[in-house]
file work-v3.json (JSON, C-alpha atoms)
[["chain", "number", "residue", "atom", "x", "y", "z"],
["A", 430, "MET", "CA", 30.35, 2.04, -2.70],
["A", 431, "ASP", "CA", 30.34, 4.96, -5.10],
["A", 432, "LEU", "CA", 32.89, 4.23, -7.83],
["A", 433, "ASN", "CA", 33.18, 7.93, -8.71],
["A", 434, "PHE", "CA", 34.36, 8.54, -5.15],
["A", 435, "ILE", "CA", 37.02, 5.85, -5.48],
["A", 436, "ASP", "CA", 38.09, 7.15, -8.91],
["A", 437, "ASP", "CA", 38.39, 10.67, -7.49],
["A", 438, "MET", "CA", 40.45, 9.45, -4.53],
["A", 439, "THR", "CA", 42.68, 7.47, -6.90],
["A", 440, "ARG", "CA", 43.31, 10.55, -9.06],
["A", 441, "ARG", "CA", 44.10, 12.66, -6.01],
["A", 442, "ILE", "CA", 46.56, 10.12, -4.64],
["A", 443, "THR", "CA", 48.36, 9.66, -7.97],
["A", 444, "ALA", "CA", 48.54, 13.46, -8.45],
["A", 445, "LEU", "CA", 50.59, 13.64, -5.25],
["A", 446, "LEU", "CA", 53.24, 11.27, -6.61],
["A", 447, "PRO", "CA", 56.62, 12.62, -7.72],
["A", 448, "PRO", "CA", 57.04, 13.16, -11.50],
["A", 449, "GLY", "CA", 59.31, 10.13, -11.99],
["A", 450, "VAL", "CA", 56.74, 7.84, -10.44],
["A", 451, "GLN", "CA", 53.92, 9.34, -12.47],
["A", 452, "LEU", "CA", 55.31, 7.48, -15.50],
["A", 453, "LEU", "CA", 53.91, 4.38, -13.84],
["A", 454, "GLN", "CA", 50.66, 6.25, -13.20],
["A", 455, "ARG", "CA", 48.34, 3.87, -15.07],
["A", 456, "ASP", "CA", 49.60, 0.83, -13.21],
["A", 457, "LEU", "CA", 49.62, 2.69, -9.90],
["A", 458, "GLU", "CA", 46.05, 3.92, -10.46],
["A", 459, "ARG", "CA", 44.83, 0.36, -10.93],
["A", 460, "ASN", "CA", 46.70, -0.83, -7.84],
["A", 461, "ILE", "CA", 45.53, 2.10, -5.72],
["A", 462, "GLN", "CA", 41.96, 1.70, -6.95],
["A", 463, "SER", "CA", 42.02, -2.01, -6.11],
["A", 464, "ALA", "CA", 43.44, -1.29, -2.68],
["A", 465, "LEU", "CA", 40.80, 1.37, -1.99],
["A", 466, "GLN", "CA", 37.96, -0.87, -3.13],
["A", 467, "ALA", "CA", 39.24, -3.73, -0.99],
["A", 468, "GLY", "CA", 39.68, -1.45, 2.03],
["A", 469, "PHE", "CA", 36.26, 0.13, 1.72],
["A", 470, "GLY", "CA", 34.73, -3.27, 1.00],
["A", 471, "ARG", "CA", 35.84, -4.50, 4.43],
["A", 472, "LEU", "CA", 34.21, -1.56, 6.18],
["A", 473, "ASP", "CA", 30.63, -1.76, 7.34],
["A", 474, "LEU", "CA", 29.41, 1.29, 5.41],
["A", 475, "VAL", "CA", 25.90, 2.32, 4.41],
["A", 476, "THR", "CA", 24.72, 4.52, 1.59],
["A", 477, "ARG", "CA", 23.54, 8.07, 2.23],
["A", 478, "GLU", "CA", 19.98, 6.93, 1.40],
["A", 479, "GLU", "CA", 20.11, 4.12, 3.97],
["A", 480, "PHE", "CA", 21.52, 6.55, 6.53],
["A", 481, "GLU", "CA", 18.73, 9.07, 5.88],
["A", 482, "VAL", "CA", 16.04, 6.38, 6.17],
["A", 483, "GLN", "CA", 17.46, 5.19, 9.48],
["A", 484, "SER", "CA", 17.74, 8.78, 10.72],
["A", 485, "GLN", "CA", 14.04, 9.29, 10.00],
["A", 486, "VAL", "CA", 13.16, 6.04, 11.77],
["A", 487, "LEU", "CA", 15.22, 7.14, 14.76],
["A", 488, "ALA", "CA", 13.53, 10.56, 14.82],
["A", 489, "ARG", "CA", 10.06, 8.96, 14.78],
["A", 490, "THR", "CA", 11.06, 6.50, 17.48],
["A", 491, "ARG", "CA", 12.47, 9.31, 19.60],
["A", 492, "ALA", "CA", 9.23, 11.30, 19.21],
["A", 493, "GLN", "CA", 7.19, 8.26, 20.27],
["A", 494, "LEU", "CA", 9.48, 7.71, 23.25],
["A", 495, "ASP", "CA", 9.09, 11.34, 24.31],
["A", 496, "THR", "CA", 5.29, 11.04, 24.03],
["A", 497, "LEU", "CA", 5.27, 7.85, 26.10],
["A", 498, "HIS", "CA", 7.55, 9.45, 28.66],
["A", 499, "GLU", "CA", 5.09, 12.33, 29.05],
["A", 500, "ARG", "CA", 2.14, 9.93, 29.37],
["A", 501, "VAL", "CA", 3.93, 7.92, 32.07],
["A", 502, "ARG", "CA", 4.79, 11.12, 33.93],
["A", 503, "ASP", "CA", 1.15, 12.28, 33.75],
["A", 504, "LEU", "CA", -0.11, 8.89, 34.97],
["A", 505, "GLU", "CA", 2.38, 8.90, 37.82],
["A", 506, "ASP", "CA", 1.28, 12.42, 38.80],
["A", 507, "ARG", "CA", -2.40, 11.38, 38.74],
["A", 508, "LEU", "CA", -1.66, 8.27, 40.78],
["A", 509, "HIS", "CA", 0.30, 10.32, 43.29],
["A", 510, "ALA", "CA", -2.58, 12.80, 43.54],
["A", 511, "GLN", "CA", -5.09, 9.98, 44.10],
["A", 512, "GLN", "CA", -2.90, 8.48, 46.79],
["A", 513, "GLN", "CA", -2.74, 11.89, 48.52],
["A", 514, "VAL", "CA", -6.54, 12.19, 48.44],
["A", 515, "SER", "CA", -6.89, 8.65, 49.87],
["A", 516, "ARG", "CA", -4.52, 9.46, 52.73],
["A", 517, "ASP", "CA", -6.30, 12.70, 53.53],
["A", 518, "GLU", "CA", -9.67, 10.98, 53.85]]

call {"tool": "encode", "arguments": {"input": "work-v3.json", "output": "structure tokens"}}
result
Amino acid sequence: MDLNFIDDMTRRITALLPPGVQLLQRDLERNIQSALQAGFGRLDLVTREEFEVQSQVLARTRAQLDTLHERVRDLEDRLHAQQQVSRDE
């Protein structure tokens, strides 16, 4: 998890607090940051890099599937044509 992201979220949350509560800002920031880290730690998240790699794998797999689908369609058409010729003879 990107700690800069968590720090930024912590700052944004504490900035929304009323002025009287902001006196406790340092303590609240630590508590909020801990809560965010714990919450995000329980999620099944991946990094952007991992996501991009898997997206590329999926795109290649999809291209291969499309190619195989075309080949099967062509083979089925050829088989159908051969069966037609056999029936006509």

call {"tool": "atom_distance", "arguments": {"input": "work-v3.json", "atom1": "atom CA of Val475 of chain A", "atom2": "atom CA of Phe434 of chain A"}}
result
14.2 Å

call {"tool": "closest_residue", "arguments": {"input": "work-v3.json", "among": "A:Glu505, A:Asp495, A:Glu518, A:Asp436", "to": "Gln462 of chain A", "atoms": "all atoms listed in the file"}}
result
A:Asp436

call {"tool": "axis_aligned_box", "arguments": {"input": "work-v3.json", "around": "segment 481-486 of chain A", "padding_each_side": "3 Å", "output": "JSON"}}
result
{"center_x": 15.9, "center_y": 7.2, "center_z": 8.8, "size_x": 11.6, "size_y": 10.1, "size_z": 11.9}

call {"tool": "residues_around", "arguments": {"input": "work-v3.json", "residues": "Arg455 of chain A", "least_positions_apart": "5", "cutoff": "10 Å", "atoms": "only C-alpha atoms", "output": "ChimeraX atom specification"}}
result
/A:443,460-461

call {"tool": "write_last_selection", "arguments": {"input": "work-v3.json", "atoms": "C-alpha atoms", "output": "compact mmCIF listing (two decimals), keeping the file's coordinate frame"}}
result
# COMPACT_ATOMS: atom_id res chain seq x y z
CA THR A 443 48.36 9.66 -7.97
CA ASN A 460 46.70 -0.83 -7.84
CA ILE A 461 45.53 2.10 -5.72

call {"tool": "closest_residue", "arguments": {"input": "work-v3.json", "among": "A:Ile435, A:Gln485, A:Gln493, A:Asp506", "to": "Ala467 of chain A", "atoms": "all atoms listed in the file"}}
result
A:Ile435

call {"tool": "decode", "arguments": {"input": "work-v3.json", "residues": "segment 459-477 of chain A", "atoms": "N, CA and C atoms", "output": "mmCIF file, in the first residue's frame"}}
result
data_model
loop_
_atom_site.group_PDB
_atom_site.id
_atom_site.type_symbol
_atom_site.label_atom_id
_atom_site.label_comp_id
_atom_site.auth_asym_id
_atom_site.auth_seq_id
_atom_site.Cartn_x
_atom_site.Cartn_y
_atom_site.Cartn_z
ATOM 1 N N ARG A 459 -2.391 10.062 13.941
ATOM 2 C CA ARG A 459 -1.832 8.717 14.171
ATOM 3 C C ARG A 459 -2.936 7.661 14.234
ATOM 4 N N ASN A 460 -4.026 7.985 14.923
ATOM 5 C CA ASN A 460 -5.133 7.032 15.036
ATOM 6 C C ASN A 460 -5.805 6.795 13.679
ATOM 7 N N ILE A 461 -6.022 7.882 12.944
ATOM 8 C CA ILE A 461 -6.656 7.745 11.626
ATOM 9 C C ILE A 461 -5.752 6.960 10.693
ATOM 10 N N GLN A 462 -4.446 7.302 10.730
ATOM 11 C CA GLN A 462 -3.498 6.599 9.860
ATOM 12 C C GLN A 462 -3.468 5.103 10.192
ATOM 13 N N SER A 463 -3.466 4.768 11.456
ATOM 14 C CA SER A 463 -3.481 3.359 11.866
ATOM 15 C C SER A 463 -4.756 2.669 11.392
ATOM 16 N N ALA A 464 -5.870 3.364 11.547
ATOM 17 C CA ALA A 464 -7.145 2.784 11.120
ATOM 18 C C ALA A 464 -7.170 2.577 9.615
ATOM 19 N N LEU A 465 -6.668 3.547 8.858
ATOM 20 C CA LEU A 465 -6.632 3.405 7.393
ATOM 21 C C LEU A 465 -5.724 2.256 6.978
ATOM 22 N N GLN A 466 -4.543 2.183 7.569
ATOM 23 C CA GLN A 466 -3.620 1.096 7.229
ATOM 24 C C GLN A 466 -4.227 -0.261 7.547
ATOM 25 N N ALA A 467 -4.884 -0.367 8.691
ATOM 26 C CA ALA A 467 -5.513 -1.633 9.065
ATOM 27 C C ALA A 467 -6.644 -1.976 8.098
ATOM 28 N N GLY A 468 -7.451 -0.976 7.759
ATOM 29 C CA GLY A 468 -8.569 -1.208 6.836
ATOM 30 C C GLY A 468 -8.094 -1.619 5.456
ATOM 31 N N PHE A 469 -7.120 -0.896 4.927
ATOM 32 C CA PHE A 469 -6.602 -1.241 3.604
ATOM 33 C C PHE A 469 -5.831 -2.558 3.635
ATOM 34 N N GLY A 470 -5.225 -2.859 4.776
ATOM 35 C CA GLY A 470 -4.478 -4.110 4.906
ATOM 36 C C GLY A 470 -5.386 -5.334 4.811
ATOM 37 N N ARG A 471 -6.636 -5.182 5.206
ATOM 38 C CA ARG A 471 -7.585 -6.308 5.138
ATOM 39 C C ARG A 471 -8.151 -6.502 3.734
ATOM 40 N N LEU A 472 -8.026 -5.483 2.905
ATOM 41 C CA LEU A 472 -8.549 -5.589 1.544
ATOM 42 C C LEU A 472 -7.583 -6.370 0.665
ATOM 43 N N ASP A 473 -8.122 -7.019 -0.323
ATOM 44 C CA ASP A 473 -7.302 -7.781 -1.255
ATOM 45 C C ASP A 473 -6.967 -6.874 -2.440
ATOM 46 N N LEU A 474 -6.003 -5.976 -2.234
ATOM 47 C CA LEU A 474 -5.646 -4.987 -3.241
ATOM 48 C C LEU A 474 -4.358 -5.381 -3.961
ATOM 49 N N VAL A 475 -4.216 -4.915 -5.181
ATOM 50 C CA VAL A 475 -2.981 -5.134 -5.936
ATOM 51 C C VAL A 475 -2.409 -3.772 -6.318
ATOM 52 N N THR A 476 -1.123 -3.773 -6.615
ATOM 53 C CA THR A 476 -0.496 -2.531 -7.051
ATOM 54 C C THR A 476 -0.894 -2.241 -8.489
ATOM 55 N N ARG A 477 -0.680 -1.014 -8.899
ATOM 56 C CA ARG A 477 -0.977 -0.616 -10.287
ATOM 57 C C ARG A 477 -0.137 -1.470 -11.247
#
